[in-house]
Structure formats: structure tokens, C-alpha cells
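*Asks:* So that we are looking at the same thing, I have put the structure below in C-alpha cells.
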Amino acid sequence: MKEIMRNVYLKDGNLFTKSRYGSHYGEKVLSGYREWIPWRSKLAAMILKGYRISFSGKEKLLYLGAASGTTVSHLADILDEGIIYAVEYAAKPFVKLLELAKERENIVPLLFDASKPQIYSGIVEKVDFIYQDISQRNQIEILEKNIDFFLKKEGSFLIMVKARSIDSTTSPSEVFKEVTRRIEEKFDLLATDSLEPYHRDHIFIYGKI
Ligand SMILES: C[S@@+](CC[C@H](N)C(=O)[O-])C[C@H]1O[C@@H](n2cnc3c(N)ncnc32)[C@H](O)[C@@H]1O
């Protein structure tokens, strides 16, 4: 296994995170390493495409759109000395997220609407990183609100954008151009790329304030 990022490993073209825990979503576990499946996690897809995020492992991270915790579980392996505030508003996936948080001390599961950060502002502290994967038309506005409330001055963010969720009547490349323009208007763009072949018509945007 070759460590390519803190607690993230590559072996024979497959990605793994180092874990003290068992399988969460049917992924293979090989002597303390959990396979990180790029078709199931956009962050894994981004890393397999060669992009890196220099986590120290101690970061506080706010995750918007945690669903049942597929990507959160791997981030919890990576940020083994940090904390993840995982926001999800749908009750069904949240049940599985709760199960995950029961065995892992570094996940705080929050059943809230990410478009109303004022409601969870009494619980979430200032964070180093915001991760957003919510497939919503107004996801940039939601990101901006959460940045205003929670992101530290030197903080960075990563968002996953699905073209169809923003505008199903315009071509994906036009949608991505417009979303990237809006991000660049207010923030520094660190990297952006498509998530093909793992996630069709999706891009990631990595930036900082
Ligand atoms: C594509 S899924 C996330 C998958 C997850 N990030 C992963 O990689 O494991 C999008 C999730 O965002 C949630 N979501 C959408 N809008 C939201 C909002 N305003 N507040 C909280 N969660 C939201 C949905 O319920 C859904 O579970």
C-alpha cells in the first residue's frame, strides 16, 4: 500500500483508507484498510483522478449532504484526530449515518436543513473545511451562507456539482461555466475538473476564501 494522502492509500489502482472499523456500505476491508469506491464517493473519484487535499488529520470539517455516510465514513478515517459535523436533512439516510456516528467519536450527526445554518450555528464551531454534496439548484447560495457562519479565515471548501440539479435545460458545460464563474467572483479557485468516468455530468470545485 502506498500512502498518497494522510490515511489514504493506493494499491493496484484501487483506493483505500486506513480504518479501525468494519465495512459501512459493502466495501471490502483488507487487514485494516477499507476500499474506497470511486463510483460511490465523489471525493474518491477526485483523488483517483490525481487531485489531493493536504489534510493534517486534525481538521474540523463541516459536511453538507452527508446522506448515509459513505464519504463521511472515509473522511472520518482520514481526519482521525479531527471532527466532522455531518449535516443531512432526510430522515431515511440519517438513520444509517447515526449508526456510523455511534461507533466513531469524530462524527457529529446533525439532522438539519443546510440552507438554514443559523439553526445549527449553536452546535457547529468554526471549521477548517466545508464539503458540500447536496445536488440542489441553489447550492452555491447555501455554500456561501455556511461559509459566512462557519469557515475560518484560512479555510477551504470542496463542492460537488451535478449539472442537472442546477439547470436541466442548459448543457452541462454551460452550467459548470456559470457555477465556476460565481465561485471565482467571491473566492479563490484552487482546482476544478469533471468527475468522469465515475460520475457523469458532475464536476468538483475546490476553493478557498
Ligand atoms: C448526492 S447525496 C450525498 C452523498 C454523500 N455526500 C456521499 O458521498 O456519501 C445528496 C444528499 O444531500 C441531502 N440534501 C440535499 N439538500 C439538503 C439540504 N438543504 N440540507 C441537508 N441535506 C440536504 C440529500 O438528502 C442527500 O442525502
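Ligands are numbered from 1 in the order shown, chains are lettered A, B, ... in the order of the C-alpha cells, and residues start at 1 in each chain.
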Looking only at strand (DSSP E) from DSSP on the backbone, list the matching residues of range 4-207 of chain A as an mmCIF file with C-alpha atoms, in the first residue's frame.

*Replies:*
```cif
data_model
loop_
_atom_site.group_PDB
_atom_site.id
_atom_site.type_symbol
_atom_site.label_atom_id
_atom_site.label_comp_id
_atom_site.auth_asym_id
_atom_site.auth_seq_id
_atom_site.Cartn_x
_atom_site.Cartn_y
_atom_site.Cartn_z
ATOM 1 C CA ILE A 4 -0.829 9.157 -1.177
ATOM 2 C CA MET A 5 -2.571 11.451 1.331
ATOM 3 C CA VAL A 8 -5.329 7.330 2.110
ATOM 4 C CA TYR A 9 -3.625 4.503 0.234
ATOM 5 C CA LEU A 10 -3.343 3.274 -3.329
ATOM 6 C CA LYS A 11 -2.794 -0.353 -4.285
ATOM 7 C CA ASN A 14 -7.613 0.901 -6.006
ATOM 8 C CA LEU A 15 -8.067 3.434 -3.245
ATOM 9 C CA PHE A 16 -8.217 2.589 0.478
ATOM 10 C CA THR A 17 -8.473 4.446 3.766
ATOM 11 C CA LYS A 18 -6.888 3.160 6.945
ATOM 12 C CA VAL A 29 -11.944 -4.480 4.268
ATOM 13 C CA LEU A 30 -8.400 -5.872 3.997
ATOM 14 C CA TYR A 33 -7.776 -0.901 5.127
ATOM 15 C CA ARG A 34 -11.236 -0.126 3.712
ATOM 16 C CA GLU A 35 -11.664 0.036 -0.035
ATOM 17 C CA LYS A 60 -12.653 20.380 11.810
ATOM 18 C CA LEU A 61 -14.857 19.761 8.800
ATOM 19 C CA LEU A 62 -18.468 20.670 8.062
ATOM 20 C CA TYR A 63 -20.079 18.203 5.653
ATOM 21 C CA LEU A 64 -23.318 19.315 3.952
ATOM 22 C CA ILE A 83 -14.060 16.204 13.837
ATOM 23 C CA ILE A 84 -16.764 16.056 11.185
ATOM 24 C CA TYR A 85 -20.061 17.886 11.589
ATOM 25 C CA ALA A 86 -22.282 15.905 9.210
ATOM 26 C CA VAL A 87 -25.493 17.673 8.136
ATOM 27 C CA GLU A 88 -28.293 15.754 6.412
ATOM 28 C CA ILE A 107 -18.603 12.308 13.645
ATOM 29 C CA VAL A 108 -21.355 14.629 14.901
ATOM 30 C CA PRO A 109 -24.560 13.755 13.005
ATOM 31 C CA LEU A 110 -26.936 16.696 12.523
ATOM 32 C CA LEU A 111 -30.470 16.341 11.150
ATOM 33 C CA VAL A 127 -14.261 24.834 10.797
ATOM 34 C CA ASP A 128 -11.193 24.482 8.571
ATOM 35 C CA PHE A 129 -13.024 22.894 5.687
ATOM 36 C CA ILE A 130 -16.526 22.741 4.201
ATOM 37 C CA TYR A 131 -17.510 19.823 1.972
ATOM 38 C CA GLN A 132 -20.793 20.110 0.114
ATOM 39 C CA LEU A 151 -15.477 28.784 7.735
ATOM 40 C CA LYS A 152 -12.263 30.053 9.355
ATOM 41 C CA LYS A 153 -10.354 32.829 7.583
ATOM 42 C CA GLU A 154 -7.767 30.443 6.123
ATOM 43 C CA GLY A 155 -10.370 27.782 5.401
ATOM 44 C CA SER A 156 -11.074 25.950 2.179
ATOM 45 C CA PHE A 157 -14.048 24.186 0.626
ATOM 46 C CA LEU A 158 -14.871 21.475 -1.853
ATOM 47 C CA ILE A 159 -18.190 21.189 -3.625
ATOM 48 C CA MET A 160 -19.615 18.546 -5.903
ATOM 49 C CA VAL A 161 -21.862 19.892 -8.650
ATOM 50 C CA LYS A 162 -24.348 17.886 -10.678
ATOM 51 C CA ASP A 188 -10.052 31.715 -4.880
ATOM 52 C CA LEU A 189 -10.345 28.734 -7.164
ATOM 53 C CA LEU A 190 -7.774 26.030 -6.352
ATOM 54 C CA ALA A 191 -8.884 23.336 -8.782
ATOM 55 C CA THR A 192 -11.873 22.154 -10.771
ATOM 56 C CA ASP A 193 -12.425 19.187 -13.076
ATOM 57 C CA SER A 194 -15.044 16.734 -14.197
ATOM 58 C CA HIS A 202 -20.538 16.148 -12.363
ATOM 59 C CA ILE A 203 -17.619 18.400 -11.513
ATOM 60 C CA PHE A 204 -15.826 19.270 -8.312
ATOM 61 C CA ILE A 205 -14.802 22.790 -7.351
ATOM 62 C CA TYR A 206 -12.060 23.173 -4.758
ATOM 63 C CA GLY A 207 -11.523 26.672 -3.422
#
```

*Asks:* What do you get as a tab-separated table (two decimals) with N, CA and C atoms, in the first residue's frame if you pick all residues at most 8 Å from ligand 1, counting only C-alpha atoms and all ligand atoms?

*Replies:*
```tsv
chain	number	residue	atom	x	y	z
A	40	ARG	N	-18.99	5.26	-5.76
A	40	ARG	CA	-19.88	5.52	-4.63
A	40	ARG	C	-19.57	6.85	-3.95
A	41	SER	N	-18.34	7.35	-4.14
A	41	SER	CA	-17.92	8.57	-3.45
A	41	SER	C	-17.22	9.51	-4.43
A	42	LYS	N	-17.75	10.73	-4.54
A	42	LYS	CA	-17.15	11.69	-5.49
A	42	LYS	C	-15.76	12.13	-5.04
A	43	LEU	N	-15.55	12.13	-3.73
A	43	LEU	CA	-14.21	12.51	-3.24
A	43	LEU	C	-13.18	11.45	-3.65
A	63	TYR	N	-19.68	18.97	6.83
A	63	TYR	CA	-20.08	18.20	5.65
A	63	TYR	C	-21.57	18.44	5.40
A	64	LEU	N	-21.91	19.01	4.27
A	64	LEU	CA	-23.32	19.31	3.95
A	64	LEU	C	-23.82	18.29	2.92
A	65	GLY	N	-24.83	17.53	3.30
A	65	GLY	CA	-25.36	16.49	2.42
A	65	GLY	C	-24.69	15.16	2.71
A	66	ALA	N	-24.70	14.76	3.97
A	66	ALA	CA	-23.96	13.58	4.41
A	66	ALA	C	-24.60	12.28	3.95
A	67	ALA	N	-25.90	12.30	3.65
A	67	ALA	CA	-26.66	11.10	3.28
A	67	ALA	C	-26.40	10.00	4.34
A	68	SER	N	-26.16	8.75	3.90
A	68	SER	CA	-26.00	7.68	4.89
A	68	SER	C	-24.55	7.54	5.36
A	69	GLY	N	-23.68	8.43	4.88
A	69	GLY	CA	-22.33	8.48	5.44
A	69	GLY	C	-21.26	7.75	4.65
A	70	THR	N	-21.51	7.46	3.39
A	70	THR	CA	-20.48	6.76	2.60
A	70	THR	C	-19.16	7.54	2.60
A	71	THR	N	-19.21	8.78	2.11
A	71	THR	CA	-17.97	9.57	2.07
A	71	THR	C	-17.56	10.03	3.47
A	72	VAL	N	-18.55	10.34	4.30
A	72	VAL	CA	-18.23	10.75	5.69
A	72	VAL	C	-17.41	9.67	6.38
A	87	VAL	N	-24.11	17.17	8.23
A	87	VAL	CA	-25.49	17.67	8.14
A	87	VAL	C	-26.25	16.93	7.03
A	88	GLU	N	-27.43	16.44	7.38
A	88	GLU	CA	-28.29	15.75	6.41
A	88	GLU	C	-29.74	16.03	6.82
A	89	TYR	N	-30.62	16.33	5.85
A	89	TYR	CA	-31.99	16.63	6.27
A	89	TYR	C	-33.01	15.52	6.00
A	90	ALA	N	-32.60	14.47	5.31
A	90	ALA	CA	-33.56	13.39	5.03
A	90	ALA	C	-33.43	12.31	6.12
A	93	PRO	N	-31.76	8.29	5.15
A	93	PRO	CA	-30.31	8.05	5.20
A	93	PRO	C	-29.69	8.42	6.55
A	111	LEU	N	-29.29	16.42	12.02
A	111	LEU	CA	-30.47	16.34	11.15
A	111	LEU	C	-31.03	17.75	10.96
A	112	PHE	N	-30.46	18.47	9.99
A	112	PHE	CA	-30.86	19.86	9.75
A	112	PHE	C	-30.86	20.14	8.26
A	113	ASP	N	-31.53	21.25	7.90
A	113	ASP	CA	-31.53	21.74	6.52
A	113	ASP	C	-30.31	22.65	6.36
A	114	ALA	N	-29.43	22.29	5.43
A	114	ALA	CA	-28.18	23.05	5.23
A	114	ALA	C	-28.43	24.48	4.73
A	115	SER	N	-29.65	24.75	4.27
A	115	SER	CA	-29.93	26.12	3.80
A	115	SER	C	-30.27	27.06	4.97
A	116	LYS	N	-30.32	26.47	6.18
A	116	LYS	CA	-30.63	27.29	7.36
A	116	LYS	C	-29.55	27.14	8.43
A	132	GLN	N	-19.36	20.05	0.43
A	132	GLN	CA	-20.79	20.11	0.11
A	132	GLN	C	-21.13	19.21	-1.07
A	133	ASP	N	-22.14	18.36	-0.86
A	133	ASP	CA	-22.62	17.48	-1.94
A	133	ASP	C	-24.12	17.33	-1.75
A	134	ILE	N	-24.87	18.35	-2.19
A	134	ILE	CA	-26.31	18.33	-1.90
A	134	ILE	C	-27.22	18.32	-3.13
A	135	SER	N	-26.64	18.39	-4.34
A	135	SER	CA	-27.46	18.34	-5.57
A	135	SER	C	-28.68	19.27	-5.50
A	136	GLN	N	-28.46	20.52	-5.23
A	136	GLN	CA	-29.57	21.48	-5.16
A	136	GLN	C	-29.32	22.65	-6.10
A	142	ILE	N	-26.31	28.26	-0.72
A	142	ILE	CA	-26.24	27.50	0.55
A	142	ILE	C	-24.78	27.42	1.02
```

*Asks:* May I have all residues of range 83-204 of chain A that DSSP, computed from the backbone, assigns to helix (DSSP H, G or I), given as a PyMOL selection string?

*Replies:* chain A and resi 91-103+117-120+139-150+163-166+172-186

*Asks:* Could you tell me how far CA of Ile209 in chain A lies from CA of Pro38 in chain A, in Å and to one decimal?

*Replies:* 27.5 Å

*Asks:* Please list as a ChimeraX atom specification every residue within 8 Å of Phe149 in chain A, counting only C-alpha atoms and excluding residues in the same chain fewer than 2 positions away.

*Replies:* /A:117-118,121,126,145-147,151

*Asks:* Work out how far CA of Gly13 in chain A is from CA of Leu48 in chain A, in Å to one decimal.

*Replies:*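 Computing it gives 8.2 Å between the two atoms.
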
*Asks:* Restricting the calculation to only C-alpha atoms: of A:Lys208, A:Arg6, A:Ser73, A:Gln139, which residue gets closest to Lys186 in chain A?

*Replies:*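 Checking each of A:Lys208, A:Arg6, A:Ser73, A:Gln139 against Lys186 in chain A, counting only C-alpha atoms, the winner is A:Lys208.
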